[in-house]
>>> print(open('input_25.csv').read())   # CSV, C-alpha atoms
chain,number,residue,atom,x,y,z
A,2,MET,CA,73.8,74.0,70.4
A,3,SER,CA,71.1,73.6,73.1
A,4,ASP,CA,70.5,69.9,72.1
A,5,PHE,CA,74.2,69.0,72.4
A,6,ARG,CA,74.6,66.2,74.9
A,7,GLY,CA,77.8,64.5,73.9
A,8,PHE,CA,78.8,61.9,76.5
A,9,MET,CA,76.6,63.4,79.3
A,10,ASP,CA,74.4,60.4,79.2
A,11,VAL,CA,77.3,58.2,80.3
A,12,ALA,CA,78.0,60.5,83.2
A,13,LEU,CA,74.3,60.5,84.1
A,14,GLU,CA,74.3,56.7,84.2
A,15,GLU,CA,77.1,56.9,86.7
A,16,ALA,CA,75.3,59.5,88.7
A,17,ARG,CA,72.2,57.4,88.9
A,18,ALA,CA,74.2,54.4,90.0
A,19,ALA,CA,75.8,56.6,92.7
A,20,ALA,CA,72.3,57.6,93.9
A,21,GLY,CA,71.4,53.9,94.1
A,22,ARG,CA,74.3,53.4,96.4
A,23,GLY,CA,73.2,56.3,98.6
A,24,GLU,CA,75.9,58.6,97.3
A,25,VAL,CA,75.3,62.2,96.1
A,26,PRO,CA,74.4,61.5,92.5
A,27,VAL,CA,77.4,62.8,90.6
A,28,GLY,CA,78.9,60.9,87.6
A,29,ALA,CA,81.8,61.4,85.3
A,30,ALA,CA,83.2,60.0,82.1
A,31,ILE,CA,86.6,60.6,80.5
A,32,VAL,CA,86.7,60.4,76.7
A,33,CYS,CA,89.7,60.2,74.5
A,34,ASP,CA,89.5,60.0,70.7
A,35,GLY,CA,85.7,59.6,70.9
A,36,GLU,CA,85.9,56.6,73.2
A,37,VAL,CA,85.0,56.4,76.9
A,38,ILE,CA,88.2,55.2,78.7
A,39,ALA,CA,87.0,55.8,82.3
A,40,ARG,CA,83.8,56.4,84.1
A,41,ALA,CA,82.9,56.7,87.8
A,42,GLY,CA,80.3,57.9,90.2
A,43,ASN,CA,80.7,59.3,93.7
A,44,ARG,CA,81.9,56.7,96.2
A,45,MET,CA,82.8,58.8,99.2
A,46,ARG,CA,80.6,57.0,101.7
A,47,GLU,CA,81.3,53.6,100.3
A,48,LEU,CA,85.1,54.0,100.4
A,49,THR,CA,85.1,56.3,103.5
A,50,ASP,CA,87.2,58.6,101.4
A,51,PRO,CA,86.4,62.3,101.1
A,52,THR,CA,88.4,62.5,97.9
A,53,ALA,CA,86.4,59.7,96.1
A,54,HIS,CA,84.5,62.2,94.0
A,55,ALA,CA,83.4,61.0,90.6
A,56,GLU,CA,85.9,63.2,88.8
A,57,MET,CA,88.8,62.0,91.0
A,58,LEU,CA,88.0,58.4,90.5
A,59,ALA,CA,87.5,58.8,86.7
A,60,ILE,CA,90.9,60.7,86.4
A,61,ARG,CA,92.7,57.9,88.4
A,62,ALA,CA,91.1,55.2,86.2
A,63,ALA,CA,91.9,57.1,82.9
A,64,CYS,CA,95.5,57.7,84.0
A,65,ALA,CA,95.9,54.0,84.8
A,66,ALA,CA,94.3,53.0,81.5
A,67,LEU,CA,96.6,55.2,79.5
A,68,GLY,CA,99.7,54.6,81.7
A,69,THR,CA,100.3,58.3,82.2
A,70,GLU,CA,99.6,61.1,84.6
A,71,ARG,CA,98.7,63.5,81.8
A,72,LEU,CA,95.3,63.3,80.0
A,73,THR,CA,96.0,66.0,77.4
A,74,GLY,CA,93.6,65.6,74.5
A,75,CYS,CA,91.0,63.9,76.7
A,76,ASP,CA,87.6,65.4,77.7
A,77,LEU,CA,85.9,65.1,81.1
A,78,TRP,CA,82.1,64.9,81.2
A,79,VAL,CA,80.6,65.4,84.7
A,80,THR,CA,77.1,66.0,85.9
A,81,LEU,CA,77.9,68.7,88.4
A,82,GLU,CA,80.3,71.7,88.3
A,83,PRO,CA,83.5,70.4,89.9
A,84,CYS,CA,84.5,71.5,93.4
A,85,PRO,CA,87.9,73.3,93.9
A,86,ALA,CA,89.7,70.1,94.7
A,87,CYS,CA,88.4,68.4,91.6
A,88,ALA,CA,89.2,71.4,89.5
A,89,GLY,CA,92.8,71.2,90.8
A,90,ALA,CA,93.0,67.6,89.8
A,91,ILE,CA,91.6,68.4,86.3
A,92,ALA,CA,94.4,71.0,85.9
A,93,ALA,CA,97.1,68.6,87.2
A,94,ALA,CA,95.9,65.9,84.8
A,95,ARG,CA,95.9,68.5,81.9
A,96,LEU,CA,92.5,67.5,80.7
A,97,SER,CA,91.8,69.4,77.5
A,98,ARG,CA,88.1,70.0,77.9
A,99,LEU,CA,85.6,70.0,80.7
A,100,TYR,CA,81.9,69.6,80.1
A,101,TYR,CA,79.5,69.8,83.1
A,102,GLY,CA,75.8,69.7,83.7
A,103,ALA,CA,74.4,71.5,86.7
A,104,SER,CA,76.2,74.5,88.2
A,105,ASP,CA,77.1,74.4,91.9
A,106,PRO,CA,76.7,77.8,93.4
A,107,LYS,CA,77.5,76.5,96.9
A,108,SER,CA,80.6,74.3,96.3
A,109,GLY,CA,81.6,74.8,92.7
A,110,GLY,CA,85.1,75.8,91.8
A,111,VAL,CA,84.9,76.5,88.1
A,112,ALA,CA,82.1,79.0,87.3
A,113,GLY,CA,81.5,80.1,90.9
A,114,GLY,CA,83.5,80.2,94.1
A,115,PRO,CA,87.2,80.4,93.6
A,116,ARG,CA,87.2,79.9,89.8
A,117,VAL,CA,90.2,77.7,90.0
A,118,PHE,CA,91.1,77.9,86.3
A,119,ASP,CA,90.9,81.7,86.2
A,120,HIS,CA,93.3,82.1,89.2
A,121,PRO,CA,96.6,83.8,88.3
A,122,GLN,CA,98.5,80.8,89.7
A,123,ALA,CA,96.6,78.2,87.6
A,124,HIS,CA,99.1,76.2,85.6
A,125,TRP,CA,96.5,74.7,83.2
A,126,LYS,CA,93.1,75.7,82.0
A,127,PRO,CA,90.9,73.4,80.0
A,128,ASP,CA,88.2,74.6,77.6
A,129,VAL,CA,85.1,74.7,79.8
A,130,TYR,CA,81.5,74.1,78.6
A,131,GLY,CA,78.8,74.3,81.3
A,132,TRP,CA,75.2,73.6,81.5
A,133,ILE,CA,75.2,70.5,79.2
A,134,GLY,CA,72.0,68.6,80.0
A,135,GLU,CA,71.5,70.9,83.0
A,136,ALA,CA,67.7,70.3,83.4
A,137,GLU,CA,68.3,66.5,83.8
A,138,THR,CA,71.4,66.8,86.0
A,139,SER,CA,69.8,69.4,88.2
A,140,ALA,CA,66.6,67.4,88.6
A,141,LEU,CA,68.6,64.3,89.6
A,142,LEU,CA,70.3,66.2,92.4
A,143,ARG,CA,67.2,68.0,93.5
A,144,ASP,CA,65.2,64.8,93.7
A,145,PHE,CA,68.0,63.0,95.6
A,146,PHE,CA,68.2,65.7,98.3
A,147,ALA,CA,64.4,66.0,98.5
A,148,SER,CA,64.1,62.3,99.2
A,149,ARG,CA,66.7,62.7,102.0
A,150,ARG,CA,64.8,65.6,103.6
A,151,GLY,CA,61.3,64.2,103.2
>>> encode(input="input_25.csv", output="structure tokens")
Amino acid sequence: MSDFRGFMDVALEEARAAAGRGEVPVGAAIVCDGEVIARAGNRMRELTDPTAHAEMLAIRAACAALGTERLTGCDLWVTLEPCPACAGAIAAARLSRLYYGASDPKSGGVAGGPRVFDHPQAHWKPDVYGWIGEAETSALLRDFFASRRG
């Protein structure tokens, strides 16, 4: 299973595009029935919107594409472990599966931090698969931040 990449390459394309815009390189793709129905990269600076995370933008686009607020049966692919706010949106949208690349020990809300889906008050828990393409997703983030410090 270590070679499994699924749709992470689509999310990585969005992350690279975000980096090119000067945004933290996080990308996301939502897949239903084997087809990408929405994709996005971070746009917080561009939109001056602290909620314009890749996951949030992809969820909004997928809901609009399907004409529903529920994405049951759909998968979210994202290059970085979602923050608590994005994990809450994932639960609210009822996404069935979450695949993420790099872990986020500082700001993550799924495997670390508040572990939103494991909270007793969580109303929905997707199947979660972490560390998909972790080496590449981590390197993209590491290189982005190194270029900012350097």
>>> closest_atom_pairs(input="input_25.csv", of="segment 33-122 of chain A", to="segment 5-21 of chain A", cutoff="10 Å", atoms="all atoms listed in the file", output="tab-separated table")
residue	atom	partner	partner_atom	distance
A:Gly35	CA	A:Phe8	CA	9.2
A:Glu36	CA	A:Phe8	CA	9.5
A:Val37	CA	A:Phe8	CA	8.3
A:Arg40	CA	A:Ala12	CA	7.2
A:Ala41	CA	A:Glu15	CA	5.9
A:Gly42	CA	A:Glu15	CA	4.8
A:Asn43	CA	A:Ala19	CA	5.7
A:Arg44	CA	A:Ala19	CA	7.0
A:Met45	CA	A:Ala19	CA	9.8
A:Glu47	CA	A:Ala19	CA	9.8
A:Ala55	CA	A:Ala16	CA	8.5
A:Asp76	CA	A:Phe8	CA	9.5
A:Leu77	CA	A:Phe8	CA	9.0
A:Trp78	CA	A:Met9	CA	6.0
A:Val79	CA	A:Ala12	CA	5.7
A:Thr80	CA	A:Ala12	CA	6.2
A:Leu81	CA	A:Ala16	CA	9.6
A:Tyr100	CA	A:Met9	CA	8.2
A:Tyr101	CA	A:Met9	CA	8.0
A:Gly102	CA	A:Met9	CA	7.7
>>> write_last_selection(input="input_25.csv", atoms="C-alpha atoms", output="PDB file, in the coordinates of the input")
ATOM      1  CA  GLY A  35      85.700  59.600  70.900  1.00  0.00           C
ATOM      2  CA  GLU A  36      85.900  56.600  73.200  1.00  0.00           C
ATOM      3  CA  VAL A  37      85.000  56.400  76.900  1.00  0.00           C
ATOM      4  CA  ARG A  40      83.800  56.400  84.100  1.00  0.00           C
ATOM      5  CA  ALA A  41      82.900  56.700  87.800  1.00  0.00           C
ATOM      6  CA  GLY A  42      80.300  57.900  90.200  1.00  0.00           C
ATOM      7  CA  ASN A  43      80.700  59.300  93.700  1.00  0.00           C
ATOM      8  CA  ARG A  44      81.900  56.700  96.200  1.00  0.00           C
ATOM      9  CA  MET A  45      82.800  58.800  99.200  1.00  0.00           C
ATOM     10  CA  GLU A  47      81.300  53.600 100.300  1.00  0.00           C
ATOM     11  CA  ALA A  55      83.400  61.000  90.600  1.00  0.00           C
ATOM     12  CA  ASP A  76      87.600  65.400  77.700  1.00  0.00           C
ATOM     13  CA  LEU A  77      85.900  65.100  81.100  1.00  0.00           C
ATOM     14  CA  TRP A  78      82.100  64.900  81.200  1.00  0.00           C
ATOM     15  CA  VAL A  79      80.600  65.400  84.700  1.00  0.00           C
ATOM     16  CA  THR A  80      77.100  66.000  85.900  1.00  0.00           C
ATOM     17  CA  LEU A  81      77.900  68.700  88.400  1.00  0.00           C
ATOM     18  CA  TYR A 100      81.900  69.600  80.100  1.00  0.00           C
ATOM     19  CA  TYR A 101      79.500  69.800  83.100  1.00  0.00           C
ATOM     20  CA  GLY A 102      75.800  69.700  83.700  1.00  0.00           C
TER      21      GLY A 102
END
>>> closest_residue(input="input_25.csv", among="A:Glu24, A:Glu82, A:Arg98, A:Lys126", to="Ser139 of chain A", atoms="all atoms listed in the file")
A:Glu82
>>> residues_around(input="input_25.csv", residues="Pro127 of chain A", least_positions_apart="3", cutoff="10 Å", atoms="all atoms listed in the file", output="number ranges by chain")
A: 73-74, 76-77, 88, 91-92, 95-100, 118, 130
>>> atom_distance(input="input_25.csv", atom1="atom CA of Ala94 of chain A", atom2="atom CA of Ala140 of chain A")
29.6 Å
>>> atom_distance(input="input_25.csv", atom1="atom CA of Trp125 of chain A", atom2="atom CA of Cys33 of chain A")
18.2 Å
>>> atom_distance(input="input_25.csv", atom1="atom CA of Asp105 of chain A", atom2="atom CA of Asp34 of chain A")
28.5 Å
>>> residues_near_point(input="input_25.csv", point="(86.0, 80.3, 88.7)", cutoff="12 Å", atoms="only C-alpha atoms", output="JSON, numbers by chain")
{"A": [82, 83, 84, 85, 88, 89, 104, 105, 106, 108, 109, 110, 111, 112, 113, 114, 115, 116, 117, 118, 119, 120, 121, 123, 126, 129, 131]}
>>> residues_around(input="input_25.csv", residues="Arg46 of chain A", least_positions_apart="6", cutoff="10 Å", atoms="only C-alpha atoms", output="JSON, numbers by chain")
{"A": [22, 23, 24, 25, 53]}
>>> closest_residue(input="input_25.csv", among="A:Leu48, A:Leu141, A:Ile38, A:Ser148", to="Ile60 of chain A", atoms="all atoms listed in the file")
A:Ile38
>>> closest_residue(input="input_25.csv", among="A:Phe145, A:Cys64, A:Lys107, A:Ala86", to="Thr52 of chain A", atoms="all atoms listed in the file")
A:Ala86
